[in-house]
Structure formats: structure tokens, C-alpha cells
Amino acid sequence: MLSFTDLFVTSLLAAAGLGSALPPRIGTTVINQDQSSFLNGRTTLKQVRNPRPHKAFNGARATYRTYLKHGVPAPEYIKTAIAHIDNEQEEAIARIKRDTGSAAAVPINEVDIAYVTPVTVGTPPQTLMLDLDTGSSDLWVFSSLTPSSQVRGQEIYSPAKSSTSKLLSGHTWSIRYGDGSGSRGTVYTDNFTIGGLEVESQAVQTAQEVSSSFTQEQSLDGLVGLGFSTLNTVRPSSQLTFFDNARPKLDEEVFTADLKYHATGSYDFGFIDRAKYTGNITYTPVQQSPGYWTHSLSGYAVGSGAFQSTQIQGISDTGTTLLYLPTAIVTAYYRQVQGAQNSQYYGGYVFPCSSTLPTFTFGIEGARFTIPASYINYTRISPTSSTCYGGLQSSSGLGINIFGDVALKAAFVVFSGTNPPRIGFGTKPLAS
Ligand SMILES: *[C@@H]1O[C@H](CO)[C@@H](O)[C@H](O)[C@H]1NC(C)=O
Ligand SMILES: *[C@@H]1O[C@H](CO)[C@@H](O)[C@H](O)[C@H]1NC(C)=O
Ligand SMILES: *[C@@H]1O[C@H](CO)[C@@H](O)[C@H](O)[C@H]1NC(C)=O
């Protein structure tokens with residue numbers, strides 16, 4: 001069962017070979033989502049190994065990781081909620097195994113925990129699966145310097161096996177998380193490629209220590225930070241992100257995210273693919289300080305209710321799974337869901353899986369984007385539980401609203417590195 005989205009990489013030329021309407025242009029790159037075309041025998045596409053196994057999904061863990069990422073200590077009840085959900089999942093899986101005698105029958109929910117994208121580092125190329133994360137600005141990887149006790153199935157980058165790696169002497173990096181743990185290490189520069197777009201001297205931050213939450217996440221070999229370079233943690237001199245390094249080669253100073261519900265999506269660098277949205281893109285200004293893609297929503301609506309005009313400032317973060325908004329909005333939403341409650345036990349808003357959920361609409365300037373109800377039904381607590389964990393949660397403990405994947409999946413999103421920067425949202429057909 002594929003719980004992770006696997007993305008297939010190709011150059012734009014390869015995409016054109018697949019019937020894309022776009023003419024090939026220098027410096028443009030597409031990470032193509034068309035897995036079926038690949039399976040139809042195209043050899044120009046780079047095949048990606050199957051996603052590795054990972055822990056059954058746990059909504060409280062997604063919320064916990066969001067606290068960690070933003071350097072906020074997670075409340076104790078969220079930690080115990082993770083254990084409650086893990087236990088329920090183990091019990092349910094044990095029951096199913098007894099019933100059927102086959103582990104393959106376990107209906108592990110297919111959920112969009114994170115989107116991983118294949119990249120290559122070094123000469124000859126070493127392939128890693130990284131999370132493209134607009135909510136951070138470090139490009140760090142599991143490496144030959146990471147103690148083996150902290151590596152559990154991840155692929156690693158070995159600078160010694162690359163003829164183009166160079167130690168960036170005297171430079172280190174360190175990211176502290178909300179639980180006091182952290183990731184840190186040294187820095188190399190090396191060739192780095194995403195979908196045929198190559199940067200020849202990209203700072204690749206090699207981990208000498210990774211926090212346990214990353215060790216547990218077998219499917220991720222590291223992150224590609226796509227926030228602004230001001231957030232980069234390399235010292236004494238901070239390093240540019242992949243996007244900033246690639247920028248001079250790009251036709252347009254943009255990258256786009258077309259994330260999909262329970263399916264393979266795509267990131268494009270250097271162009272805006274007209275085939276991926278309808279109508280016009282609506283742009284809104286981005287406040288670049290301290291380095292997130294910070295912008296405002298112009299309001300919201302619950303289901304078919306009236307649109308409430310109100311400025312909601314937050315960050316568009318492809319590296320966060322769920323949508324975190326002010327408590328008043330979240331309670332207004334779950335008031336429309338029979339039996340919903342903010343559960344300390346499960347670490348967030350949950351509801352009976354049999355309830356009916358409304359959609360959630362957000363505004364970008366005058367445009368409206370509707371998140372289908374199914375996206376907000378994040379996952380069943382366990383395969384046999386009748387309780388479901390919400391994809392919309394309160395941001396009150398985080399101190400920041402986060403427009404994570406639950407919201408970003410509902411649009412075609414343009415991250416525009418123009419001066420001043422801006423972010424654009426386009427309408428696209430949504431599967432639910
Ligand atoms: C890496 O960059 C060098 C130039 O620094 C180039 O000659 C070489 O072909 C590149 N390697 C790969 C695998 O692209
Ligand atoms: C898109 O923008 C163009 C130019 O501003 C305008 O003429 C057109 O009516 C817009 N289309 C839609 C669907 O809003
Ligand atoms: C939520 O999703 C589960 C599958 O994960 C499904 O069985 C259930 O009916 C859904 N509930 C709602 C309210 O959409």
C-alpha cells in the first residue's frame with residue numbers, strides 16, 4: 001500500500017515527450033507526476049524506488065512534529081496522545097492479523113504525510129528522497145557522517161564517494177527543535193539536481209546528528225528548504241537555498257507546487273504550467289521576514305455559510321501536513337460537525353468518522369479556494385477506530401498560523417521570488 005506520494009522526475013524535454021503542451025525551454029524543470037506514462041515504457045524518465053515502509057500514520061504525531069519544527073515545546077498531552085494512537089493502531093493491526101492471517105490485508109490509511117521528491121547529489125549521482133519544504137531554508141541530508149544508530153533505512157549521501165564534493169571548511173549548521181532535540185552537522189558543496197535542473201555548488205548540509213523524529217521517518221532522507229535564504233542556519237556564513245542558486249538559470253523566478261490528495265503531485269521550477277490551473281492566478285504580497293512565505297488569507301467560510309472577511313496572517317508551508325488556524329475559526333468549523341471535540345486524549349480535534357463534514361473555503365484577495373471535506377477528514381485513529389483526526393487544527397499553541405498541505409492541495413500555488421516576493425493561488429480540478 002503506498003502511503004507516500006512518489007514523484008517521478010524528468011527534464012522538461014522528457015515531459016514534452018509525454019505529450020505536455022509546453023515547448024522545451026532552457027532552464028526549466030518539471031517533476032512529472034505522470035506515473036502511468038512512465039509505466040508505459042518511457043525511458044527518459046528516472047525511475048524512483050518504491051516508498052519505504054513507515055509508521056502507521058498518527059495525527060497527533062503530525063501535530064507534534066509541527067511544534068518541533070517551529071521550535072515550540074509541545075504540550076505534554078500531545079506526547080501522550082501519540083502513545084494512545086500508536087497503541088490503538090498496534091492493537092487493531094494485531095486483531096486484523098489474527099482475523100485474516102495476512103499482514104498484507106491491513107488497511108493502513110493512505111494519507112499524505114509528506115511529499116518526497118527524488119534528487120541527486122554528487123558525481124556520480126547519489127539519489128536521495130527529500131522533502132521540498134517551503135517552511136525552512138536548510139538543505140540537509142542523512143550522510144555518511146550520521147551515526148548508524150540514528151539511521152533507520154534512510155539513504156545517505158557520502159561526500160567521499162563524490163568526485164565533486166568539497167568540504168566547506170569551518171562551516172557548521174544546527175537546527176533546534178521544540179523538544180530540545182536537534183539536527184546539526186558540517187557542510188559540503190556539491191552538484192545538486194532536481195528534475196534535471198542542476199546547481200553545481202550547492203551547500204549540502206551533512207547531518208552528524210538528526211533528531212529522533214527524523215530517524216523514525218524512514219521515507220525521508222532529508223529536506224530541501226525553499227524558504228528565503230535568510231533562515232539558513234549555516235555559520236559563520238549562511239548559504240543560499242537551491243532556489244536562490246538556480247534562479248539565474250530560470251526563465252522565470254518562480255517555482256510552483258501542485259500537491260494532490262492521496263496522489264502524486266508535482267513541483268516545477270522556472271515556469272508556470274498553464275495546463276495545471278484554470279482562470280487566472282491571484283497573487284498576494286509576501287512578507288519575507290524572517291524568511292517564511294508569510295502572507296494573509298482574506299477570510300474564510302465554513303461549508304455553504306457566508307464568507308467572513310478577516311485578515312489571517314500565516315505561512316504557506318509545504319513541509320507541514322495539516323492546516324493550523326486560529327481557535328475561533330477552528331471551533332466555528334467543528335461546530336458544524338456532529339460529535340466533534342477537541343480531544344486531549346487524541347491530541348487535537350477529532351470527530352466520529354460517520355459524521356458529515358463541511359468544506360472549508362479560504363480567500364486569497366478576491367479569489368476563493370474550497371478545501372473538499374474529504375481533505376479535512378485526515379485519518380482514522382486506527383484502521384478499526386470509529387474516530388477520525390481532523391486535518392484542520394488550532395494554531396493557538398504554535399504561535400503561528402500554518403497553511404500546510406491540507407490547504408495547499410486545494411490550489412495550484414506559485415511561489416514567486418520576484419522583488420518584492422509574492423505568492424499566487426490558482427484554481428484546479430480537485431479529486432476527493
Ligand atoms: C558536476 O559539476 C561538474 C562541474 O563542476 C561537471 O563537470 C560534472 O559533469 C557534474 N556532474 C554531474 C553528475 O552532473
Ligand atoms: C484574467 O486576466 C485577464 C487580464 O487581466 C482578464 O482579461 C481576464 O478576464 C481574466 N480571466 C478570468 C477568468 O478572470
Ligand atoms: C473519513 O475517512 C474514513 C477513511 O479513512 C472513512 O471511512 C470515513 O467515512 C470518512 N468520514 C468522513 C466524515 O468523511
# chains A, B, ... in the order shown; residues from 1 in each chain; ligands from 1
>>> residues_around(residues="Phe412 (chain A)", least_positions_apart="6", cutoff="6 Å", atoms="only C-alpha atoms", output="list in words")
Asp258, Phe425 and Gly426 of chain A
>>> write_last_selection(atoms="N, CA, C and O atoms", output="mmCIF file, in the first residue's frame")
data_model
loop_
_atom_site.group_PDB
_atom_site.id
_atom_site.type_symbol
_atom_site.label_atom_id
_atom_site.label_comp_id
_atom_site.auth_asym_id
_atom_site.auth_seq_id
_atom_site.Cartn_x
_atom_site.Cartn_y
_atom_site.Cartn_z
ATOM 1 N N ASP A 258 2.065 21.768 -7.036
ATOM 2 C CA ASP A 258 0.753 21.220 -7.390
ATOM 3 C C ASP A 258 0.620 19.906 -6.610
ATOM 4 O O ASP A 258 0.856 18.827 -7.149
ATOM 5 N N PHE A 425 -2.269 31.911 -6.054
ATOM 6 C CA PHE A 425 -3.095 30.704 -5.967
ATOM 7 C C PHE A 425 -3.990 30.628 -7.205
ATOM 8 O O PHE A 425 -4.617 31.611 -7.582
ATOM 9 N N GLY A 426 -4.001 29.457 -7.826
ATOM 10 C CA GLY A 426 -4.875 29.227 -8.966
ATOM 11 C C GLY A 426 -5.829 28.080 -8.669
ATOM 12 O O GLY A 426 -5.519 27.187 -7.875
#
>>> residues_near_ligand(ligand="ligand 2", cutoff="9 Å", atoms="only C-alpha atoms and all ligand atoms", output="PDB file with N, CA, C and O atoms, in the first residue's frame")
ATOM      1  N   THR A 278      -6.971  26.649 -13.900  1.00  0.00           N
ATOM      2  CA  THR A 278      -7.939  27.296 -14.774  1.00  0.00           C
ATOM      3  C   THR A 278      -8.083  28.757 -14.347  1.00  0.00           C
ATOM      4  O   THR A 278      -7.776  29.095 -13.197  1.00  0.00           O
ATOM      5  N   GLY A 279      -8.546  29.611 -15.244  1.00  0.00           N
ATOM      6  CA  GLY A 279      -8.716  31.027 -14.901  1.00  0.00           C
ATOM      7  C   GLY A 279      -7.374  31.703 -14.696  1.00  0.00           C
ATOM      8  O   GLY A 279      -6.383  31.331 -15.321  1.00  0.00           O
ATOM      9  N   ASN A 280      -7.326  32.689 -13.781  1.00  0.00           N
ATOM     10  CA  ASN A 280      -6.089  33.431 -13.534  1.00  0.00           C
ATOM     11  C   ASN A 280      -5.538  33.094 -12.155  1.00  0.00           C
ATOM     12  O   ASN A 280      -6.282  32.751 -11.246  1.00  0.00           O
ATOM     13  N   ILE A 281      -4.225  33.259 -12.016  1.00  0.00           N
ATOM     14  CA  ILE A 281      -3.610  33.135 -10.691  1.00  0.00           C
ATOM     15  C   ILE A 281      -3.885  34.436  -9.921  1.00  0.00           C
ATOM     16  O   ILE A 281      -3.714  35.522 -10.480  1.00  0.00           O
TER      17      ILE A 281
END
>>> residues_near_ligand(ligand="ligand 3", cutoff="7 Å", atoms="only C-alpha atoms and all ligand atoms", output="list of chain:residue names")
A:Asn109, A:Cys353, A:Ser354, A:Ser355, A:Thr356, A:Leu357, A:Ala373, A:Ser374, A:Asn377, A:Thr379, A:Arg380, A:Cys388
>>> closest_residue(among="A:Val414, A:Ala306, A:Ala332, A:Ile93", to="Tyr283 (chain A)", atoms="only C-alpha atoms")
A:Val414
>>> residues_near_ligand(ligand="ligand 1", cutoff="7 Å", atoms="only C-alpha atoms and all ligand atoms", output="count of residues only")
7
>>> residues_around(residues="Val187 (chain A)", least_positions_apart="5", cutoff="9 Å", atoms="only C-alpha atoms", output="NGL selection string")
:A and (140 or 166-173 or 203-207 or 234)
>>> residues_around(residues="Asp131 (chain A)", least_positions_apart="5", cutoff="9 Å", atoms="only C-alpha atoms", output="list of chain:residue names")
A:Ala114, A:Tyr115, A:Val116, A:Thr117, A:Pro118, A:Leu220, A:Asp221, A:Gly222, A:Leu223, A:Val224, A:Gly225, A:Thr318, A:Gly319
>>> select_by_dssp(residues="region 34-269 of chain A", states="strand (DSSP E or B)", output="PyMOL selection string")
chain A and resi 46+115-121+126-133+139-141+143+157+166-176+182-194+197-209+222-225+235+254-258+266-269
>>> closest_residue(among="A:Met129, A:Ala257, A:Ile315, A:Ile381", to="Gly153 (chain A)", atoms="only C-alpha atoms")
A:Met129
